[in-house]
>>> print(open('structure04.cif').read())   # mmCIF, C-alpha atoms
data_start
loop_
_atom_site.label_atom_id
_atom_site.label_comp_id
_atom_site.auth_asym_id
_atom_site.auth_seq_id
_atom_site.Cartn_x
_atom_site.Cartn_y
_atom_site.Cartn_z
CA MET A 1 -54.10 -54.58 19.28
CA VAL A 2 -51.32 -56.96 20.22
CA SER A 3 -52.83 -60.25 21.28
CA ALA A 4 -49.94 -62.71 21.57
CA ARG A 5 -48.06 -62.79 24.85
CA ARG A 6 -44.36 -62.27 24.17
CA GLY A 7 -43.26 -62.07 27.77
CA TYR A 8 -41.60 -58.71 28.31
CA ALA A 9 -39.11 -59.69 31.01
CA ARG A 10 -37.24 -57.29 33.22
CA PRO A 11 -33.82 -56.70 31.66
CA VAL A 12 -30.92 -58.52 33.29
CA ASP A 13 -27.33 -57.26 33.52
CA ARG A 14 -28.00 -54.15 31.44
CA ASP A 15 -26.72 -50.64 32.05
CA LEU A 16 -29.40 -48.95 29.95
CA PRO A 17 -33.19 -49.22 30.21
CA SER A 18 -35.00 -50.89 27.33
CA THR A 19 -37.91 -49.67 25.25
CA ILE A 20 -40.69 -51.31 23.20
CA ALA A 21 -40.77 -52.00 19.47
CA GLU A 22 -44.35 -50.98 18.69
CA PRO A 23 -47.58 -49.73 20.28
CA VAL A 24 -49.53 -52.13 22.48
CA ASP A 25 -53.18 -52.08 23.56
CA HIS A 26 -54.67 -54.08 26.41
CA GLU A 27 -58.05 -54.07 28.14
CA LEU A 28 -58.70 -54.90 31.78
CA VAL A 29 -62.21 -55.11 33.26
CA ILE A 30 -62.65 -54.84 37.03
CA LYS A 31 -66.10 -54.62 38.62
CA LYS A 32 -67.58 -53.37 35.35
CA SER A 33 -65.00 -50.59 34.96
CA ARG A 34 -63.01 -50.85 31.72
CA PHE A 35 -59.33 -49.91 31.82
CA LEU A 36 -57.91 -49.49 28.32
CA ALA A 37 -54.11 -49.41 28.44
CA HIS A 38 -52.20 -47.99 25.52
CA LEU A 39 -48.38 -48.10 25.43
CA HIS A 40 -46.52 -46.25 22.72
CA PRO A 41 -42.78 -45.87 22.00
CA VAL A 42 -41.77 -42.18 21.89
CA ARG A 43 -38.54 -40.20 21.61
CA SER A 44 -39.58 -37.02 23.40
CA VAL A 45 -42.11 -35.52 25.77
CA GLU A 46 -43.64 -33.74 22.78
CA GLU A 47 -44.22 -37.06 21.01
CA ALA A 48 -45.76 -38.42 24.20
CA ASP A 49 -48.11 -35.44 24.46
CA ALA A 50 -49.24 -36.06 20.88
CA VAL A 51 -50.00 -39.71 21.70
CA VAL A 52 -52.02 -38.67 24.76
CA ALA A 53 -53.95 -36.12 22.68
CA GLN A 54 -54.79 -38.80 20.12
CA VAL A 55 -56.04 -41.20 22.80
CA ARG A 56 -58.19 -38.45 24.33
CA LYS A 57 -59.65 -37.72 20.90
CA GLU A 58 -60.36 -41.38 20.16
CA PHE A 59 -61.96 -42.10 23.54
CA TRP A 60 -63.52 -38.67 24.03
CA ASP A 61 -66.41 -40.00 26.12
CA ALA A 62 -64.25 -41.67 28.81
CA ARG A 63 -64.05 -40.22 32.30
CA HIS A 64 -60.29 -40.51 32.85
CA HIS A 65 -57.13 -40.70 30.73
CA CYS A 66 -54.31 -41.30 33.21
CA VAL A 67 -50.74 -40.97 31.98
CA ALA A 68 -47.21 -42.04 32.87
CA LEU A 69 -44.19 -41.45 30.68
CA VAL A 70 -40.47 -42.08 30.83
CA VAL A 71 -38.18 -40.50 28.23
CA GLY A 72 -34.43 -40.32 27.70
CA THR A 73 -31.56 -42.74 27.18
CA HIS A 74 -31.12 -43.00 30.94
CA ALA A 75 -34.84 -42.54 31.76
CA ASP A 76 -34.09 -39.05 33.06
CA ARG A 77 -37.44 -37.44 32.20
CA GLN A 78 -40.50 -38.81 33.96
CA ARG A 79 -44.04 -37.56 34.44
CA SER A 80 -47.45 -38.81 35.52
CA THR A 81 -51.00 -37.56 35.97
CA ASP A 82 -54.09 -38.95 37.71
CA ASP A 83 -56.49 -37.01 35.45
CA GLY A 84 -59.22 -36.69 38.04
CA GLU A 85 -58.71 -39.95 39.91
CA PRO A 86 -57.88 -39.62 43.64
CA SER A 87 -54.32 -38.35 44.05
CA GLY A 88 -51.69 -41.06 43.84
CA THR A 89 -54.03 -43.84 42.68
CA ALA A 90 -53.31 -43.87 38.95
CA GLY A 91 -50.40 -41.97 37.39
CA VAL A 92 -47.81 -42.72 40.05
CA PRO A 93 -48.59 -46.47 40.21
CA MET A 94 -48.37 -46.58 36.41
CA LEU A 95 -45.05 -44.77 36.50
CA GLU A 96 -43.74 -47.15 39.16
CA VAL A 97 -44.42 -50.07 36.83
CA LEU A 98 -42.39 -48.44 34.05
CA ARG A 99 -39.58 -47.75 36.51
CA HIS A 100 -39.62 -51.25 37.96
CA ARG A 101 -39.60 -52.83 34.53
CA GLU A 102 -36.70 -50.54 33.54
CA VAL A 103 -38.15 -49.12 30.34
CA THR A 104 -37.76 -45.71 28.76
CA ASP A 105 -39.00 -43.77 25.73
CA VAL A 106 -42.49 -45.08 26.50
CA VAL A 107 -45.77 -43.33 27.27
CA ALA A 108 -48.56 -45.26 28.98
CA VAL A 109 -52.14 -44.01 28.81
CA VAL A 110 -54.87 -45.84 30.69
CA THR A 111 -58.40 -44.78 29.75
CA ARG A 112 -61.12 -45.66 32.24
CA TYR A 113 -64.80 -46.12 31.60
CA PHE A 114 -66.48 -46.11 35.02
CA GLY A 115 -68.66 -49.16 35.63
CA GLY A 116 -70.71 -47.78 38.51
CA VAL A 117 -68.88 -49.62 41.31
CA LEU A 118 -66.36 -47.75 43.44
CA LEU A 119 -63.03 -49.55 43.65
CA GLY A 120 -61.46 -47.62 46.52
CA ALA A 121 -57.93 -46.24 46.55
CA GLY A 122 -56.26 -49.64 46.80
CA GLY A 123 -58.41 -51.07 44.03
CA LEU A 124 -57.56 -48.19 41.72
CA VAL A 125 -53.84 -48.55 42.39
CA ARG A 126 -54.00 -52.25 41.56
CA ALA A 127 -56.13 -51.69 38.48
CA TYR A 128 -53.97 -48.97 36.91
CA SER A 129 -50.69 -50.68 37.71
CA SER A 130 -51.97 -54.05 36.47
CA ALA A 131 -53.22 -52.53 33.22
CA VAL A 132 -49.74 -51.18 32.45
CA SER A 133 -47.92 -54.28 33.68
CA GLU A 134 -50.08 -56.63 31.60
CA ALA A 135 -49.67 -54.40 28.54
CA LEU A 136 -45.88 -54.55 28.99
CA ASP A 137 -46.15 -58.33 29.11
CA LEU A 138 -47.50 -58.14 25.56
CA ALA A 139 -44.82 -55.78 24.27
CA THR A 140 -41.87 -56.70 22.08
CA PRO A 141 -38.82 -55.47 24.00
CA VAL A 142 -36.02 -53.53 22.37
CA HIS A 143 -32.85 -53.66 24.44
CA ARG A 144 -30.26 -50.92 24.29
CA ARG A 145 -26.53 -51.31 24.51
CA VAL A 146 -23.48 -49.14 24.11
CA LEU A 147 -21.58 -50.60 21.16
CA THR A 148 -18.41 -49.51 19.36
CA GLU A 149 -18.43 -49.24 15.58
CA VAL A 150 -15.57 -51.21 14.02
CA ARG A 151 -14.55 -51.35 10.37
CA LEU A 152 -12.53 -53.96 8.58
CA ASP A 153 -11.17 -53.27 5.09
CA VAL A 154 -11.00 -56.53 3.16
CA PRO A 155 -9.82 -57.36 -0.39
CA HIS A 156 -12.81 -58.17 -2.57
CA ALA A 157 -11.62 -61.73 -3.09
CA ASP A 158 -11.84 -62.37 0.67
CA ALA A 159 -14.97 -60.36 1.41
CA GLY A 160 -17.44 -63.25 1.28
CA ARG A 161 -15.40 -65.48 3.57
CA LEU A 162 -14.71 -62.69 6.09
CA ASP A 163 -18.36 -61.64 6.03
CA ASN A 164 -19.33 -65.15 7.11
CA VAL A 165 -16.62 -65.16 9.79
CA LEU A 166 -17.84 -61.85 11.21
CA ARG A 167 -21.48 -62.92 11.01
CA ASP A 168 -20.77 -66.01 13.11
CA TRP A 169 -18.56 -64.01 15.47
CA ALA A 170 -21.24 -61.35 15.99
CA ALA A 171 -23.87 -63.96 16.85
CA SER A 172 -21.74 -65.36 19.67
CA HIS A 173 -20.31 -62.10 21.06
CA GLY A 174 -23.31 -59.81 21.36
CA ALA A 175 -22.30 -57.77 18.31
CA VAL A 176 -24.39 -56.45 15.42
CA LEU A 177 -23.29 -56.78 11.80
CA GLY A 178 -23.44 -53.48 9.94
CA THR A 179 -23.63 -52.58 6.27
CA THR A 180 -20.81 -53.32 3.83
CA GLU A 181 -19.42 -50.68 1.49
CA TYR A 182 -17.71 -51.67 -1.77
CA ALA A 183 -15.04 -49.42 -3.27
CA GLU A 184 -11.36 -50.19 -3.81
CA VAL A 185 -11.84 -52.69 -0.98
CA ALA A 186 -14.84 -54.13 0.80
CA ARG A 187 -15.40 -52.25 4.06
CA LEU A 188 -17.15 -54.53 6.56
CA ARG A 189 -18.68 -52.99 9.68
CA LEU A 190 -19.57 -54.33 13.10
CA LEU A 191 -21.06 -52.83 16.24
CA VAL A 192 -19.17 -54.49 19.08
CA PRO A 193 -19.45 -54.45 22.88
CA PRO A 194 -16.41 -52.49 24.13
CA ASP A 195 -15.23 -55.41 26.24
CA GLN A 196 -15.13 -57.64 23.14
CA LEU A 197 -12.83 -55.46 21.02
CA THR A 198 -9.68 -57.37 21.99
CA ALA A 199 -11.37 -60.69 21.24
CA LEU A 200 -12.42 -59.39 17.82
CA SER A 201 -8.87 -58.31 16.98
CA ASP A 202 -7.49 -61.67 18.07
CA ASP A 203 -10.07 -63.65 16.10
CA VAL A 204 -9.66 -61.55 12.95
CA ALA A 205 -5.89 -62.00 13.19
CA ALA A 206 -6.35 -65.74 13.50
CA ALA A 207 -8.76 -65.85 10.54
CA THR A 208 -6.45 -63.80 8.27
CA ALA A 209 -3.03 -64.97 9.43
CA GLY A 210 -2.46 -61.52 10.88
CA ALA A 211 -3.03 -59.74 7.57
CA LEU A 212 -6.04 -57.67 8.64
CA THR A 213 -6.73 -55.51 11.69
CA PRO A 214 -10.15 -54.14 12.77
CA VAL A 215 -10.24 -50.36 13.27
CA PRO A 216 -12.49 -49.19 16.15
CA GLY A 217 -14.43 -45.95 15.87
CA GLU A 218 -17.03 -44.17 17.99
CA SER A 219 -19.29 -45.80 20.55
CA ARG A 220 -23.04 -45.15 20.56
CA VAL A 221 -26.31 -46.41 21.98
CA VAL A 222 -27.85 -49.04 19.72
CA ASP A 223 -31.34 -50.53 19.76
CA VAL A 224 -31.14 -54.33 19.71
CA PRO A 225 -34.55 -56.00 19.12
CA SER A 226 -35.18 -59.06 21.24
#
>>> encode(input="structure04.cif", output="structure tokens")
Amino acid sequence: MVSARRGYARPVDRDLPSTIAEPVDHELVIKKSRFLAHLHPVRSVEEADAVVAQVRKEFWDARHHCVALVVGTHADRQRSTDDGEPSGTAGVPMLEVLRHREVTDVVAVVTRYFGGVLLGAGGLVRAYSSAVSEALDLATPVHRRVLTEVRLDVPHADAGRLDNVLRDWAASHGAVLGTTEYAEVARLRLLVPPDQLTALSDDVAAATAGALTPVPGESRVVDVPS
């Protein structure tokens, strides 16, 4: 169980929804009913179904296992279930939290042990949505960005210096330093925001007196841990 609050904030100025780095468990008790929230990163509906099956097996004696899931790079596959709770009081509120917090590739399962006190429709909505929201507050966010892979072929004698230059440049331009390959030359790699490609070319030219030029390749979605 994750116990330290890391503050999963709603992403700002991002085109793609984020995900979470690792599973999170959180318990909420309301009027003697226990709501056990389990969030798990997944890559497909099939993975999500397997997570739900495992939770059902672990907490076999619970009355309800309500589910909400969002899958896909653009959060294009979504599903929820109330699992016996009054219609619209569990799965949909859970799903709305995932939508509002702009996350994807996540399944949320909230297991309820009934405490003997009826909560009413409004109380159930608040309980299930709060269980998911508070669990997300404990999650380690993984942001996603579209980055362009760039390579820079460097003579071995200059590789160390250019590696340091690119490392500093990446830290201040939202880029990610990739792996280096050593052959006839040292091939340095960066994953760069598309709108920073011109800046990279200019800065590499300045650092090498115009001797080296970065070569852009394909763009892809990259997970960037917070």
>>> residues_near_point(input="structure04.cif", point="(-16.9, -55.6, 25.1)", cutoff="10 Å", atoms="only C-alpha atoms", output="JSON, numbers by chain")
{"A": [146, 147, 148, 173, 174, 175, 192, 193, 194, 195, 196, 197, 198, 199, 200]}
>>> atom_distance(input="structure04.cif", atom1="CA of Leu190 in chain A", atom2="CA of Leu16 in chain A")
20.2 Å
>>> closest_atom_pairs(input="structure04.cif", of="range 150-182 of chain A", to="range 212-225 of chain A", cutoff="12 Å", atoms="only C-alpha atoms", output="JSON lines")
{"residue": "A:Val150", "atom": "CA", "partner": "A:Pro216", "partner_atom": "CA", "distance": 4.3}
{"residue": "A:Arg151", "atom": "CA", "partner": "A:Val215", "partner_atom": "CA", "distance": 5.3}
{"residue": "A:Leu152", "atom": "CA", "partner": "A:Pro214", "partner_atom": "CA", "distance": 4.8}
{"residue": "A:Asp153", "atom": "CA", "partner": "A:Leu212", "partner_atom": "CA", "distance": 7.6}
{"residue": "A:Val154", "atom": "CA", "partner": "A:Leu212", "partner_atom": "CA", "distance": 7.5}
{"residue": "A:Pro155", "atom": "CA", "partner": "A:Leu212", "partner_atom": "CA", "distance": 9.8}
{"residue": "A:Asp158", "atom": "CA", "partner": "A:Leu212", "partner_atom": "CA", "distance": 10.9}
{"residue": "A:Ala159", "atom": "CA", "partner": "A:Leu212", "partner_atom": "CA", "distance": 11.8}
{"residue": "A:Leu162", "atom": "CA", "partner": "A:Leu212", "partner_atom": "CA", "distance": 10.3}
{"residue": "A:Leu166", "atom": "CA", "partner": "A:Pro214", "partner_atom": "CA", "distance": 11.0}
{"residue": "A:Gly174", "atom": "CA", "partner": "A:Val224", "partner_atom": "CA", "distance": 9.7}
{"residue": "A:Ala175", "atom": "CA", "partner": "A:Val224", "partner_atom": "CA", "distance": 9.6}
{"residue": "A:Val176", "atom": "CA", "partner": "A:Val224", "partner_atom": "CA", "distance": 8.3}
{"residue": "A:Leu177", "atom": "CA", "partner": "A:Val224", "partner_atom": "CA", "distance": 11.4}
{"residue": "A:Gly178", "atom": "CA", "partner": "A:Val222", "partner_atom": "CA", "distance": 11.6}
>>> atom_distance(input="structure04.cif", atom1="CA of Glu22 in chain A", atom2="CA of Asp168 in chain A")
28.5 Å
>>> resolve_selection(input="structure04.cif", expression="the PyMOL selection byres ((chain A and resi 32) around 10)", output="MDAnalysis selection string")
chainID A and resid 28:31 33:35 113:118
>>> atom_distance(input="structure04.cif", atom1="CA of Glu27 in chain A", atom2="CA of His64 in chain A")
14.5 Å
>>> decode(input="structure04.cif", residues="range 19-57 of chain A", atoms="N, CA and C atoms", output="PDB file, in the first residue's frame")
ATOM      1  N   THR A  19      -0.671   8.862 -16.851  1.00  0.00           N
ATOM      2  CA  THR A  19      -1.009   7.597 -16.215  1.00  0.00           C
ATOM      3  C   THR A  19      -0.333   7.564 -14.850  1.00  0.00           C
ATOM      4  N   ILE A  20      -0.287   6.387 -14.210  1.00  0.00           N
ATOM      5  CA  ILE A  20       0.349   6.275 -12.902  1.00  0.00           C
ATOM      6  C   ILE A  20       1.494   5.268 -12.988  1.00  0.00           C
ATOM      7  N   ALA A  21       2.481   5.435 -12.120  1.00  0.00           N
ATOM      8  CA  ALA A  21       3.698   4.635 -12.211  1.00  0.00           C
ATOM      9  C   ALA A  21       3.539   3.243 -11.641  1.00  0.00           C
ATOM     10  N   GLU A  22       2.691   3.088 -10.623  1.00  0.00           N
ATOM     11  CA  GLU A  22       2.598   1.818  -9.918  1.00  0.00           C
ATOM     12  C   GLU A  22       1.234   1.705  -9.241  1.00  0.00           C
ATOM     13  N   PRO A  23       0.861   0.490  -8.840  1.00  0.00           N
ATOM     14  CA  PRO A  23      -0.438   0.317  -8.166  1.00  0.00           C
ATOM     15  C   PRO A  23      -0.514   1.108  -6.862  1.00  0.00           C
ATOM     16  N   VAL A  24      -1.736   1.491  -6.519  1.00  0.00           N
ATOM     17  CA  VAL A  24      -1.987   2.255  -5.301  1.00  0.00           C
ATOM     18  C   VAL A  24      -3.205   1.661  -4.598  1.00  0.00           C
ATOM     19  N   ASP A  25      -3.129   1.539  -3.278  1.00  0.00           N
ATOM     20  CA  ASP A  25      -4.256   1.094  -2.472  1.00  0.00           C
ATOM     21  C   ASP A  25      -4.599   2.158  -1.444  1.00  0.00           C
ATOM     22  N   HIS A  26      -5.895   2.326  -1.195  1.00  0.00           N
ATOM     23  CA  HIS A  26      -6.344   3.341  -0.244  1.00  0.00           C
ATOM     24  C   HIS A  26      -7.666   2.889   0.367  1.00  0.00           C
ATOM     25  N   GLU A  27      -7.807   3.092   1.658  1.00  0.00           N
ATOM     26  CA  GLU A  27      -9.037   2.699   2.349  1.00  0.00           C
ATOM     27  C   GLU A  27      -9.771   3.914   2.876  1.00  0.00           C
ATOM     28  N   LEU A  28     -11.085   3.906   2.675  1.00  0.00           N
ATOM     29  CA  LEU A  28     -11.955   4.975   3.154  1.00  0.00           C
ATOM     30  C   LEU A  28     -13.083   4.327   3.949  1.00  0.00           C
ATOM     31  N   VAL A  29     -13.327   4.817   5.171  1.00  0.00           N
ATOM     32  CA  VAL A  29     -14.395   4.282   6.012  1.00  0.00           C
ATOM     33  C   VAL A  29     -15.437   5.359   6.220  1.00  0.00           C
ATOM     34  N   ILE A  30     -16.689   5.033   5.844  1.00  0.00           N
ATOM     35  CA  ILE A  30     -17.801   5.981   5.984  1.00  0.00           C
ATOM     36  C   ILE A  30     -18.971   5.240   6.613  1.00  0.00           C
ATOM     37  N   LYS A  31     -19.367   5.678   7.793  1.00  0.00           N
ATOM     38  CA  LYS A  31     -20.491   5.069   8.520  1.00  0.00           C
ATOM     39  C   LYS A  31     -20.367   3.554   8.571  1.00  0.00           C
ATOM     40  N   LYS A  32     -19.183   3.114   8.945  1.00  0.00           N
ATOM     41  CA  LYS A  32     -18.842   1.706   9.149  1.00  0.00           C
ATOM     42  C   LYS A  32     -18.680   0.902   7.858  1.00  0.00           C
ATOM     43  N   SER A  33     -18.995   1.482   6.706  1.00  0.00           N
ATOM     44  CA  SER A  33     -18.718   0.805   5.447  1.00  0.00           C
ATOM     45  C   SER A  33     -17.274   1.071   5.054  1.00  0.00           C
ATOM     46  N   ARG A  34     -16.572   0.010   4.630  1.00  0.00           N
ATOM     47  CA  ARG A  34     -15.185   0.130   4.187  1.00  0.00           C
ATOM     48  C   ARG A  34     -15.150   0.152   2.661  1.00  0.00           C
ATOM     49  N   PHE A  35     -14.487   1.153   2.123  1.00  0.00           N
ATOM     50  CA  PHE A  35     -14.301   1.280   0.682  1.00  0.00           C
ATOM     51  C   PHE A  35     -12.802   1.124   0.405  1.00  0.00           C
ATOM     52  N   LEU A  36     -12.437   0.016  -0.217  1.00  0.00           N
ATOM     53  CA  LEU A  36     -11.038  -0.277  -0.506  1.00  0.00           C
ATOM     54  C   LEU A  36     -10.771   0.036  -1.977  1.00  0.00           C
ATOM     55  N   ALA A  37     -10.068   1.112  -2.220  1.00  0.00           N
ATOM     56  CA  ALA A  37      -9.772   1.530  -3.599  1.00  0.00           C
ATOM     57  C   ALA A  37      -8.437   0.947  -4.041  1.00  0.00           C
ATOM     58  N   HIS A  38      -8.453   0.370  -5.224  1.00  0.00           N
ATOM     59  CA  HIS A  38      -7.219  -0.157  -5.813  1.00  0.00           C
ATOM     60  C   HIS A  38      -7.086   0.418  -7.217  1.00  0.00           C
ATOM     61  N   LEU A  39      -5.999   1.146  -7.470  1.00  0.00           N
ATOM     62  CA  LEU A  39      -5.694   1.673  -8.797  1.00  0.00           C
ATOM     63  C   LEU A  39      -4.510   0.894  -9.353  1.00  0.00           C
ATOM     64  N   HIS A  40      -4.589   0.580 -10.640  1.00  0.00           N
ATOM     65  CA  HIS A  40      -3.516  -0.214 -11.235  1.00  0.00           C
ATOM     66  C   HIS A  40      -3.258   0.273 -12.659  1.00  0.00           C
ATOM     67  N   PRO A  41      -1.989   0.534 -13.022  1.00  0.00           N
ATOM     68  CA  PRO A  41      -1.700   0.893 -14.417  1.00  0.00           C
ATOM     69  C   PRO A  41      -1.877  -0.323 -15.316  1.00  0.00           C
ATOM     70  N   VAL A  42      -2.525  -0.131 -16.459  1.00  0.00           N
ATOM     71  CA  VAL A  42      -2.767  -1.218 -17.417  1.00  0.00           C
ATOM     72  C   VAL A  42      -2.562  -0.681 -18.818  1.00  0.00           C
ATOM     73  N   ARG A  43      -2.367  -1.592 -19.770  1.00  0.00           N
ATOM     74  CA  ARG A  43      -2.166  -1.204 -21.164  1.00  0.00           C
ATOM     75  C   ARG A  43      -3.310  -1.640 -22.059  1.00  0.00           C
ATOM     76  N   SER A  44      -4.264  -2.390 -21.514  1.00  0.00           N
ATOM     77  CA  SER A  44      -5.357  -2.889 -22.339  1.00  0.00           C
ATOM     78  C   SER A  44      -6.542  -3.222 -21.453  1.00  0.00           C
ATOM     79  N   VAL A  45      -7.692  -3.384 -22.081  1.00  0.00           N
ATOM     80  CA  VAL A  45      -8.888  -3.800 -21.348  1.00  0.00           C
ATOM     81  C   VAL A  45      -8.675  -5.190 -20.764  1.00  0.00           C
ATOM     82  N   GLU A  46      -7.974  -6.044 -21.502  1.00  0.00           N
ATOM     83  CA  GLU A  46      -7.716  -7.399 -21.019  1.00  0.00           C
ATOM     84  C   GLU A  46      -6.868  -7.380 -19.740  1.00  0.00           C
ATOM     85  N   GLU A  47      -5.866  -6.521 -19.697  1.00  0.00           N
ATOM     86  CA  GLU A  47      -5.072  -6.378 -18.470  1.00  0.00           C
ATOM     87  C   GLU A  47      -5.947  -5.875 -17.330  1.00  0.00           C
ATOM     88  N   ALA A  48      -6.828  -4.925 -17.629  1.00  0.00           N
ATOM     89  CA  ALA A  48      -7.726  -4.399 -16.606  1.00  0.00           C
ATOM     90  C   ALA A  48      -8.637  -5.491 -16.071  1.00  0.00           C
ATOM     91  N   ASP A  49      -9.178  -6.316 -16.949  1.00  0.00           N
ATOM     92  CA  ASP A  49     -10.055  -7.412 -16.522  1.00  0.00           C
ATOM     93  C   ASP A  49      -9.307  -8.369 -15.600  1.00  0.00           C
ATOM     94  N   ALA A  50      -8.035  -8.613 -15.891  1.00  0.00           N
ATOM     95  CA  ALA A  50      -7.242  -9.505 -15.047  1.00  0.00           C
ATOM     96  C   ALA A  50      -7.041  -8.905 -13.654  1.00  0.00           C
ATOM     97  N   VAL A  51      -6.833  -7.585 -13.591  1.00  0.00           N
ATOM     98  CA  VAL A  51      -6.687  -6.912 -12.303  1.00  0.00           C
ATOM     99  C   VAL A  51      -7.983  -7.024 -11.500  1.00  0.00           C
ATOM    100  N   VAL A  52      -9.103  -6.790 -12.163  1.00  0.00           N
ATOM    101  CA  VAL A  52     -10.402  -6.882 -11.480  1.00  0.00           C
ATOM    102  C   VAL A  52     -10.623  -8.297 -10.957  1.00  0.00           C
ATOM    103  N   ALA A  53     -10.291  -9.302 -11.765  1.00  0.00           N
ATOM    104  CA  ALA A  53     -10.454 -10.690 -11.342  1.00  0.00           C
ATOM    105  C   ALA A  53      -9.607 -10.998 -10.112  1.00  0.00           C
ATOM    106  N   GLN A  54      -8.395 -10.447 -10.068  1.00  0.00           N
ATOM    107  CA  GLN A  54      -7.520 -10.675  -8.922  1.00  0.00           C
ATOM    108  C   GLN A  54      -8.072 -10.028  -7.663  1.00  0.00           C
ATOM    109  N   VAL A  55      -8.622  -8.809  -7.803  1.00  0.00           N
ATOM    110  CA  VAL A  55      -9.211  -8.135  -6.647  1.00  0.00           C
ATOM    111  C   VAL A  55     -10.420  -8.913  -6.144  1.00  0.00           C
ATOM    112  N   ARG A  56     -11.261  -9.389  -7.043  1.00  0.00           N
ATOM    113  CA  ARG A  56     -12.422 -10.190  -6.650  1.00  0.00           C
ATOM    114  C   ARG A  56     -11.998 -11.453  -5.900  1.00  0.00           C
ATOM    115  N   LYS A  57     -10.914 -12.056  -6.366  1.00  0.00           N
ATOM    116  CA  LYS A  57     -10.422 -13.274  -5.726  1.00  0.00           C
ATOM    117  C   LYS A  57      -9.879 -12.972  -4.333  1.00  0.00           C
TER     118      LYS A  57
END
